[in-house]
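Structure first, then comments.
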Number of protein chains: 4
Amino acid sequence: MREIKQPGKHSYVFSPYLEPIAKVKPGEEVVIYTDDAFENKITKETDVPSEILGKYLNPQTGPIYIEGAEPGDTLIAHIIDIQPTRDWAVSILNPYFGGLTATPTTKMLHEPLPEKVWIYELRDGMLVNNTQLSFPWRPFMGTIGTAPDLEAVSALTPADHGGNMDVPDTKPGNSVYLPVNVPGAYFYTGDCHAGQGEGELCGVAMEISGKVTMKFELIKGKSINWPRIESPTEIMAVGSARPMEDAARIAYGELIEWMIELGWDQLDAYQALSQIGKLYVGNMVDTNYSLVAKIEKKYAYIDKN
Amino acid sequence: MREIKQPGKHSYVFSPYLEPIAKVKPGEEVVIYTDDAFENKITKETDVPSEILGKYLNPQTGPIYIEGAEPGDTLIAHIIDIQPTRDWAVSILNPYFGGLTATPTTKMLHEPLPEKVWIYELRDGMLVNNTQLSFPWRPFMGTIGTAPDLEAVSALTPADHGGNMDVPDTKPGNSVYLPVNVPGAYFYTGDCHAGQGEGELCGVAMEISGKVTMKFELIKGKSINWPRIESPTEIMAVGSARPMEDAARIAYGELIEWMIELGWDQLDAYQALSQIGKLYVGNMVDTNYSLVAKIEKKYAYIDKN
Amino acid sequence: MREIKQPGKHSYVFSPYLEPIAKVKPGEEVVIYTDDAFENKITKETDVPSEILGKYLNPQTGPIYIEGAEPGDTLIAHIIDIQPTRDWAVSILNPYFGGLTATPTTKMLHEPLPEKVWIYELRDGMLVNNTQLSFPWRPFMGTIGTAPDLEAVSALTPADHGGNMDVPDTKPGNSVYLPVNVPGAYFYTGDCHAGQGEGELCGVAMEISGKVTMKFELIKGKSINWPRIESPTEIMAVGSARPMEDAARIAYGELIEWMIELGWDQLDAYQALSQIGKLYVGNMVDTNYSLVAKIEKKYAYIDKN
Amino acid sequence: MREIKQPGKHSYVFSPYLEPIAKVKPGEEVVIYTDDAFENKITKETDVPSEILGKYLNPQTGPIYIEGAEPGDTLIAHIIDIQPTRDWAVSILNPYFGGLTATPTTKMLHEPLPEKVWIYELRDGMLVNNTQLSFPWRPFMGTIGTAPDLEAVSALTPADHGGNMDVPDTKPGNSVYLPVNVPGAYFYTGDCHAGQGEGELCGVAMEISGKVTMKFELIKGKSINWPRIESPTEIMAVGSARPMEDAARIAYGELIEWMIELGWDQLDAYQALSQIGKLYVGNMVDTNYSLVAKIEKKYAYIDKN
């Protein structure tokens, strides 16, 4: 299988202004290698993040040019498998970053919380820091998306192009639907997470370098406004915005649009999601918050006859 | 078993200023009857909500005086069983109320969305409107809480006293921890939901009149800041606030406090929830939004030795 | 002139459940005495607020029964004069309260900011702490409103009944329009500010005990949704909500409704406010944020012929 | 005086990836020509915006290379004069854009508000649509900023680089302080407003094509986090974020940092702004909201001896 590795520096933006590092045909399975969100620089618990980390975080592999993709199409990224490329993961507390701390935008007069590093060993399907901090291997790509057509967006930001959504449903077995804004789509991914709770509370999952096996598919001439995800049993939409209620409105609003495409009346879809929809927080720490709205296929795809 | 029914008018506030309708001892099992959120007034799909509904909604049964409860204690309401007292449920679209509409506070210049009524028949464990709108019976109490000490809070509002949280985990088999602010706790409940999606998107679950079997327990001399929930396998905290990120901060913040009581170091609890916590939206429609943060007991209660 | 002083304890809620302390006829001028927001308890810079202050803050004088007021009317409180009843004011930093600190709802893991007290001497129309902290006497009532009909709302909360709005335009020479929700209106006021910046950034103005000269007027059979203010040259509406954009939407939305009453087409009013409206932050620290939208009368009252 | 006109297409992004259109030395006065926010395409009240407008709005003139500017410096843009280049201005209602409407991020199920165009004639210092809609000429640059170092940010977005702040204080006589992120600073401006209310309520000011006379100055080796503005009598900081309270926190937080540079103790600056600061809403309609915090120089620059 073809392997795609970043030839030079990784990208810190989802940008239409970079040269593609590879061209991939729809239907071809490829393996994409990714660095961890800290450029693999933090390796032990005595490291001090603020002394080690540079200005840019969350390096992305890409852009990958998808042949045949044109603006107005939808790109489906089928995530087939994720494997680690090392046997440990890392999480940290970084000053003024996280869900329960002042940040540069939720600006306050407090001193930063302490810095801290946790190293997890990956063994027997578990990530083990100590007996208390010991969690199962549940890998997903924290960051995945396409280039906007005019903007170059920080790899730390989730938005309508996808990006740093940090939602655990971008995982093996699921398919991610992304808008195509430029010829070739300019797909990027990175930020492999060995596991993460909903909300990514302290701002950092169990970060790992990895390789992801993907296959791409195009829906020609059909556009979407926000990323969608399909699992074997559910359909989902992801909204990324602030305040968090706007992310919720987007996620459920886009899911209603999907249901309308499946034949639903708008108000009946609104009603169905009121009674059987699910809505969880992917991240509450990034420059936009990401929420996932979902409905089981058995309710969404019901035969109307 | 003793049955508690509202003798006169139900209450539309969580208030310390009303006379208790019953006194209950900790440990005694009681059955509490509740009206639906529309005072049982909407009964068919041709009803027009704005013509039928009065100024006040969400009638509560209470206050129920819990013997021995003193300010500074914690009241545990064990929800043992919920049964319907009729064989149908109702959901509606009410003007300027819901998750994807302008409201009196998210004020806009739009005309209201159409009004609409859905009636669900309850049969064979399913709530059936038509073949598309057909969902399982998953009952819970939408509104449950204690009186504040000085304020009288609308039954439509969730806050630190509990109230209209609309979180599906206040269900049979689970225990709800509530602050005691006045002698006797002044417990209220109502708003029985035959089922509801996360977010309660259109603002209205499948509303039903019901009876709930409960047993109360007191933790003397221990106070909590926000409601907590315990299931057989998980511990949870509920935050209710606007914007939604504040509800998220409260929920995870209170859960960290619970974990500290279980012996966790604060920053390790912050880390654990980052990797294994869950965070879903109970309601995105009430005067405060309610989010539930949770962690499985097998991660929270791990032996530290 | 009749003087109204609280006979017993002040009220810490805007409540319909209390006995009126006085009855006033529309048109009668009265003087109302108010304590400062800390019950006059903090008197020197060595005081430690968290050791001195009790559970309840912001004592209100009231309820004052306005004769003839019926639900559905509008009460106008004309503020004629405000005088201090002592020659000093106080501001403090209180733990977890203020605009640039974590709070119980914007919950974080930070330690609280330091506590601090500033005493200002009032002399020659200036409030003087030192040469740097020296500001003019610009008094207004931080808290002013009527009782809700069913709820009893904390005196710390601003909402559609008025309350703790902390907007500097509730000052001498201006008139405050308030909804009447119960017979007699149940008017309360307190929280006299010797001066305050927009936003009340640290959470506390220059607090002073005072007496306010007022005259009441009723508009029979006309209701308003949110407080309005009239100055000699401007009309204004106050929105109180979270997040702050909802307060902004309410303030401008209610002002458009006022302009429609003056004969404006809705979309033209929307347009006029886009070009000539003003919008400032009264408080960014209370349980709801309060914003004031305004337009000069010379633009609002233009002759349409 | 040297005149700078966009040689080809205007830019719709604040981008470090474009070729400078001019090089300017600090101290040199230049005149910069700008198109209106609709590319001058809407010219009469019968125009239908959604039929005329393309995908991109708010064309910027730039980038202008400031000689000697290096990352870490601060660029001061002195606004000396703004003149219109035509005798009319335009405002519109655009579908799903504005302060009192659903938008793509505050997503709802409402139909859009009506579209509408208002043309204002500029004569005798007034902008006149009719006798009701008639407002003074108060020009300012709605959009002004520098390029980020890695991102290319939409010209519709205000952020820490400046951009589409829509704050009426970026006007003649005032100086705008901007961060320098790339060599040459890459300055852009556009979106000349003939006048605008606080909040820019309907989303559109009185838009006009114009020419602005500016002079640039560099502060070497001193960086700022967010834009600042200096008028002859005040110092100000601009915060742009969502929700609006975060914009408020940034604005006052950055102003405290400026006061600390002037010799203030942090908590005394916090106190001073609580009593004498001003805080108004520039825009409540763009992808981030922009708030301006300010203090008069007579309070900020007081002699400490």
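How things are named: the first chain in the structure tokens is A, the next is B, and so on; residues count from 1 in each chain; ligands count from 1 in the order shown.
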Review point. Could you pull the residues within 9 Å of Pro148 in chain B, counting only C-alpha atoms, minus those fewer than 2 positions along the same chain, as a PyMOL selection string?
Key: chain B and resi 14-16+146+150-153+160-161+179-182+185-186
Review point. Excluding same-chain residues fewer than 4 positions from range 229-231 of chain B, what lies within 10 Å of it counting only C-alpha atoms, as number ranges by chain?
Key: B: 76-78, 169-178, 235-238, 292-294, 296-297
Check your understanding: Closest to chain A among B:Leu201, B:Leu291, B:Ala194, B:Ala247, using only C-alpha atoms?
Key ->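 Comparing B:Leu201, B:Leu291, B:Ala194, B:Ala247 against chain A, the winner is B:Leu201.
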Exercise for review: Extract the full set of alpha helix (DSSP H) residues from range 104-270 of chain A according to DSSP on the backbone, and format it as a VMD selection string.
Suggested key: chain A and resid 244 to 261 266 to 270
Would you export the selected residues with N, CA and C atoms as a PDB file, in the first residue's frame, please?
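Contents of again-v1.pdb, freshly written:
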```
ATOM      1  N   MET A 244     -20.791  27.880  22.796  1.00  0.00           N
ATOM      2  CA  MET A 244     -21.046  26.475  22.535  1.00  0.00           C
ATOM      3  C   MET A 244     -22.454  26.215  22.009  1.00  0.00           C
ATOM      4  N   GLU A 245     -23.437  27.049  22.398  1.00  0.00           N
ATOM      5  CA  GLU A 245     -24.793  26.830  21.887  1.00  0.00           C
ATOM      6  C   GLU A 245     -24.845  27.011  20.377  1.00  0.00           C
ATOM      7  N   ASP A 246     -23.992  27.854  19.812  1.00  0.00           N
ATOM      8  CA  ASP A 246     -23.965  27.973  18.356  1.00  0.00           C
ATOM      9  C   ASP A 246     -23.439  26.691  17.715  1.00  0.00           C
ATOM     10  N   ALA A 247     -22.454  26.064  18.331  1.00  0.00           N
ATOM     11  CA  ALA A 247     -21.977  24.770  17.819  1.00  0.00           C
ATOM     12  C   ALA A 247     -23.098  23.738  17.860  1.00  0.00           C
ATOM     13  N   ALA A 248     -23.901  23.778  18.931  1.00  0.00           N
ATOM     14  CA  ALA A 248     -25.031  22.849  19.050  1.00  0.00           C
ATOM     15  C   ALA A 248     -26.073  23.135  17.971  1.00  0.00           C
ATOM     16  N   ARG A 249     -26.362  24.414  17.751  1.00  0.00           N
ATOM     17  CA  ARG A 249     -27.349  24.769  16.723  1.00  0.00           C
ATOM     18  C   ARG A 249     -26.882  24.308  15.339  1.00  0.00           C
ATOM     19  N   ILE A 250     -25.601  24.515  15.054  1.00  0.00           N
ATOM     20  CA  ILE A 250     -25.071  24.101  13.746  1.00  0.00           C
ATOM     21  C   ILE A 250     -25.180  22.588  13.594  1.00  0.00           C
ATOM     22  N   ALA A 251     -24.745  21.857  14.627  1.00  0.00           N
ATOM     23  CA  ALA A 251     -24.690  20.397  14.513  1.00  0.00           C
ATOM     24  C   ALA A 251     -26.085  19.826  14.253  1.00  0.00           C
ATOM     25  N   TYR A 252     -27.056  20.227  15.063  1.00  0.00           N
ATOM     26  CA  TYR A 252     -28.404  19.702  14.854  1.00  0.00           C
ATOM     27  C   TYR A 252     -29.018  20.271  13.559  1.00  0.00           C
ATOM     28  N   GLY A 253     -28.714  21.535  13.244  1.00  0.00           N
ATOM     29  CA  GLY A 253     -29.259  22.134  12.016  1.00  0.00           C
ATOM     30  C   GLY A 253     -28.770  21.414  10.773  1.00  0.00           C
ATOM     31  N   GLU A 254     -27.482  21.087  10.749  1.00  0.00           N
ATOM     32  CA  GLU A 254     -26.921  20.367   9.599  1.00  0.00           C
ATOM     33  C   GLU A 254     -27.468  18.936   9.543  1.00  0.00           C
ATOM     34  N   LEU A 255     -27.691  18.340  10.699  1.00  0.00           N
ATOM     35  CA  LEU A 255     -28.238  16.974  10.722  1.00  0.00           C
ATOM     36  C   LEU A 255     -29.685  16.973  10.192  1.00  0.00           C
ATOM     37  N   ILE A 256     -30.432  18.019  10.509  1.00  0.00           N
ATOM     38  CA  ILE A 256     -31.777  18.140   9.928  1.00  0.00           C
ATOM     39  C   ILE A 256     -31.692  18.221   8.411  1.00  0.00           C
ATOM     40  N   GLU A 257     -30.704  18.971   7.909  1.00  0.00           N
ATOM     41  CA  GLU A 257     -30.564  19.059   6.451  1.00  0.00           C
ATOM     42  C   GLU A 257     -30.258  17.689   5.836  1.00  0.00           C
ATOM     43  N   TRP A 258     -29.450  16.920   6.505  1.00  0.00           N
ATOM     44  CA  TRP A 258     -29.158  15.565   6.030  1.00  0.00           C
ATOM     45  C   TRP A 258     -30.448  14.733   6.020  1.00  0.00           C
ATOM     46  N   MET A 259     -31.234  14.851   7.086  1.00  0.00           N
ATOM     47  CA  MET A 259     -32.475  14.089   7.159  1.00  0.00           C
ATOM     48  C   MET A 259     -33.471  14.539   6.073  1.00  0.00           C
ATOM     49  N   ILE A 260     -33.491  15.813   5.770  1.00  0.00           N
ATOM     50  CA  ILE A 260     -34.346  16.291   4.676  1.00  0.00           C
ATOM     51  C   ILE A 260     -33.914  15.626   3.364  1.00  0.00           C
ATOM     52  N   GLU A 261     -32.601  15.510   3.156  1.00  0.00           N
ATOM     53  CA  GLU A 261     -32.100  14.812   1.963  1.00  0.00           C
ATOM     54  C   GLU A 261     -32.568  13.353   1.936  1.00  0.00           C
ATOM     55  N   GLN A 266     -39.082  18.888   7.319  1.00  0.00           N
ATOM     56  CA  GLN A 266     -38.189  19.610   8.233  1.00  0.00           C
ATOM     57  C   GLN A 266     -38.670  19.563   9.683  1.00  0.00           C
ATOM     58  N   LEU A 267     -39.931  19.837   9.911  1.00  0.00           N
ATOM     59  CA  LEU A 267     -40.411  19.893  11.294  1.00  0.00           C
ATOM     60  C   LEU A 267     -40.505  18.512  11.925  1.00  0.00           C
ATOM     61  N   ASP A 268     -40.748  17.499  11.125  1.00  0.00           N
ATOM     62  CA  ASP A 268     -40.727  16.136  11.668  1.00  0.00           C
ATOM     63  C   ASP A 268     -39.297  15.713  12.037  1.00  0.00           C
ATOM     64  N   ALA A 269     -38.330  16.149  11.230  1.00  0.00           N
ATOM     65  CA  ALA A 269     -36.930  15.857  11.582  1.00  0.00           C
ATOM     66  C   ALA A 269     -36.567  16.564  12.890  1.00  0.00           C
ATOM     67  N   TYR A 270     -37.002  17.802  13.023  1.00  0.00           N
ATOM     68  CA  TYR A 270     -36.788  18.583  14.254  1.00  0.00           C
ATOM     69  C   TYR A 270     -37.399  17.827  15.439  1.00  0.00           C
TER      70      TYR A 270
END
```
Practice item. May I have the residues within 10 Å of Met126 in chain B as a PyMOL selection string, using only C-alpha atoms and disregarding those fewer than 2 positions away in the same chain? Key: chain B and resi 120-124+128-129+134-138+194-195
**Study point:** chain B contacts to chain D at 8 Å (only C-alpha atoms) as a list in words
**Key:** Gly99, Leu100, Thr101, Ala102, Lys107, Met108, Leu109, His110, Glu111, Pro112 and Leu113 of chain B
Write out, as a PDB file, in the first residue's frame, the residues just selected, with all heavy atoms.
```
ATOM      1  N   GLY B  99     -34.767  25.032  20.392  1.00  0.00           N
ATOM      2  CA  GLY B  99     -33.338  25.153  20.171  1.00  0.00           C
ATOM      3  C   GLY B  99     -32.946  25.774  18.843  1.00  0.00           C
ATOM      4  O   GLY B  99     -31.827  26.266  18.696  1.00  0.00           O
ATOM      5  N   LEU B 100     -33.830  25.758  17.867  1.00  0.00           N
ATOM      6  CA  LEU B 100     -33.494  26.312  16.550  1.00  0.00           C
ATOM      7  C   LEU B 100     -34.472  27.418  16.160  1.00  0.00           C
ATOM      8  O   LEU B 100     -34.927  27.504  15.023  1.00  0.00           O
ATOM      9  CB  LEU B 100     -33.454  25.189  15.499  1.00  0.00           C
ATOM     10  CG  LEU B 100     -32.373  24.126  15.722  1.00  0.00           C
ATOM     11  CD1 LEU B 100     -32.469  23.026  14.669  1.00  0.00           C
ATOM     12  CD2 LEU B 100     -30.973  24.739  15.696  1.00  0.00           C
ATOM     13  N   THR B 101     -34.798  28.243  17.134  1.00  0.00           N
ATOM     14  CA  THR B 101     -35.703  29.364  16.907  1.00  0.00           C
ATOM     15  C   THR B 101     -35.257  30.552  17.739  1.00  0.00           C
ATOM     16  O   THR B 101     -34.599  30.381  18.770  1.00  0.00           O
ATOM     17  CB  THR B 101     -37.150  29.004  17.325  1.00  0.00           C
ATOM     18  OG1 THR B 101     -37.958  30.188  17.278  1.00  0.00           O
ATOM     19  CG2 THR B 101     -37.200  28.462  18.752  1.00  0.00           C
ATOM     20  N   ALA B 102     -35.583  31.750  17.264  1.00  0.00           N
ATOM     21  CA  ALA B 102     -35.470  32.934  18.104  1.00  0.00           C
ATOM     22  C   ALA B 102     -36.335  32.744  19.342  1.00  0.00           C
ATOM     23  O   ALA B 102     -37.348  32.028  19.303  1.00  0.00           O
ATOM     24  CB  ALA B 102     -35.924  34.166  17.334  1.00  0.00           C
ATOM     25  N   LYS B 107     -33.283  37.279  21.030  1.00  0.00           N
ATOM     26  CA  LYS B 107     -34.359  38.051  20.391  1.00  0.00           C
ATOM     27  C   LYS B 107     -33.966  38.412  18.955  1.00  0.00           C
ATOM     28  O   LYS B 107     -32.873  38.905  18.706  1.00  0.00           O
ATOM     29  CB  LYS B 107     -34.571  39.325  21.201  1.00  0.00           C
ATOM     30  CG  LYS B 107     -35.875  40.049  20.941  1.00  0.00           C
ATOM     31  CD  LYS B 107     -36.016  41.225  21.901  1.00  0.00           C
ATOM     32  CE  LYS B 107     -37.250  42.034  21.601  1.00  0.00           C
ATOM     33  NZ  LYS B 107     -38.483  41.335  21.943  1.00  0.00           N
ATOM     34  N   MET B 108     -34.877  38.180  18.034  1.00  0.00           N
ATOM     35  CA  MET B 108     -34.648  38.463  16.621  1.00  0.00           C
ATOM     36  C   MET B 108     -35.908  39.031  16.001  1.00  0.00           C
ATOM     37  O   MET B 108     -36.931  39.153  16.674  1.00  0.00           O
ATOM     38  CB  MET B 108     -34.211  37.175  15.928  1.00  0.00           C
ATOM     39  CG  MET B 108     -32.883  36.687  16.482  1.00  0.00           C
ATOM     40  SD  MET B 108     -32.316  35.160  15.735  1.00  0.00           S
ATOM     41  CE  MET B 108     -30.639  35.142  16.414  1.00  0.00           C
ATOM     42  N   LEU B 109     -35.810  39.371  14.734  1.00  0.00           N
ATOM     43  CA  LEU B 109     -36.963  39.976  14.065  1.00  0.00           C
ATOM     44  C   LEU B 109     -37.794  38.956  13.281  1.00  0.00           C
ATOM     45  O   LEU B 109     -38.730  39.329  12.586  1.00  0.00           O
ATOM     46  CB  LEU B 109     -36.498  41.097  13.132  1.00  0.00           C
ATOM     47  CG  LEU B 109     -35.737  42.242  13.818  1.00  0.00           C
ATOM     48  CD1 LEU B 109     -35.358  43.313  12.794  1.00  0.00           C
ATOM     49  CD2 LEU B 109     -36.564  42.883  14.933  1.00  0.00           C
ATOM     50  N   HIS B 110     -37.481  37.679  13.386  1.00  0.00           N
ATOM     51  CA  HIS B 110     -38.214  36.667  12.635  1.00  0.00           C
ATOM     52  C   HIS B 110     -39.624  36.454  13.173  1.00  0.00           C
ATOM     53  O   HIS B 110     -39.858  36.536  14.378  1.00  0.00           O
ATOM     54  CB  HIS B 110     -37.490  35.315  12.701  1.00  0.00           C
ATOM     55  CG  HIS B 110     -36.144  35.327  12.062  1.00  0.00           C
ATOM     56  ND1 HIS B 110     -35.968  35.300  10.703  1.00  0.00           N
ATOM     57  CD2 HIS B 110     -34.899  35.367  12.593  1.00  0.00           C
ATOM     58  CE1 HIS B 110     -34.668  35.316  10.431  1.00  0.00           C
ATOM     59  NE2 HIS B 110     -34.007  35.363  11.555  1.00  0.00           N
ATOM     60  N   GLU B 111     -40.529  36.115  12.289  1.00  0.00           N
ATOM     61  CA  GLU B 111     -41.826  35.575  12.694  1.00  0.00           C
ATOM     62  C   GLU B 111     -41.592  34.218  13.364  1.00  0.00           C
ATOM     63  O   GLU B 111     -40.615  33.533  13.064  1.00  0.00           O
ATOM     64  CB  GLU B 111     -42.717  35.375  11.455  1.00  0.00           C
ATOM     65  CG  GLU B 111     -43.135  36.665  10.787  1.00  0.00           C
ATOM     66  CD  GLU B 111     -43.945  37.547  11.718  1.00  0.00           C
ATOM     67  OE1 GLU B 111     -44.928  37.053  12.303  1.00  0.00           O
ATOM     68  OE2 GLU B 111     -43.557  38.725  11.884  1.00  0.00           O
ATOM     69  N   PRO B 112     -42.492  33.795  14.260  1.00  0.00           N
ATOM     70  CA  PRO B 112     -42.297  32.486  14.891  1.00  0.00           C
ATOM     71  C   PRO B 112     -42.420  31.334  13.895  1.00  0.00           C
ATOM     72  O   PRO B 112     -43.072  31.472  12.855  1.00  0.00           O
ATOM     73  CB  PRO B 112     -43.408  32.417  15.944  1.00  0.00           C
ATOM     74  CG  PRO B 112     -44.406  33.442  15.555  1.00  0.00           C
ATOM     75  CD  PRO B 112     -43.677  34.507  14.784  1.00  0.00           C
ATOM     76  N   LEU B 113     -41.797  30.211  14.206  1.00  0.00           N
ATOM     77  CA  LEU B 113     -42.010  28.985  13.436  1.00  0.00           C
ATOM     78  C   LEU B 113     -43.466  28.541  13.612  1.00  0.00           C
ATOM     79  O   LEU B 113     -44.149  28.978  14.530  1.00  0.00           O
ATOM     80  CB  LEU B 113     -41.074  27.881  13.957  1.00  0.00           C
ATOM     81  CG  LEU B 113     -39.574  28.177  13.875  1.00  0.00           C
ATOM     82  CD1 LEU B 113     -38.780  26.998  14.447  1.00  0.00           C
ATOM     83  CD2 LEU B 113     -39.137  28.453  12.436  1.00  0.00           C
TER      84      LEU B 113
END
```
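Taking CA of Asp87 in chain C as the reference point, CA of Thr43 in chain C is found at 11.6 Å.
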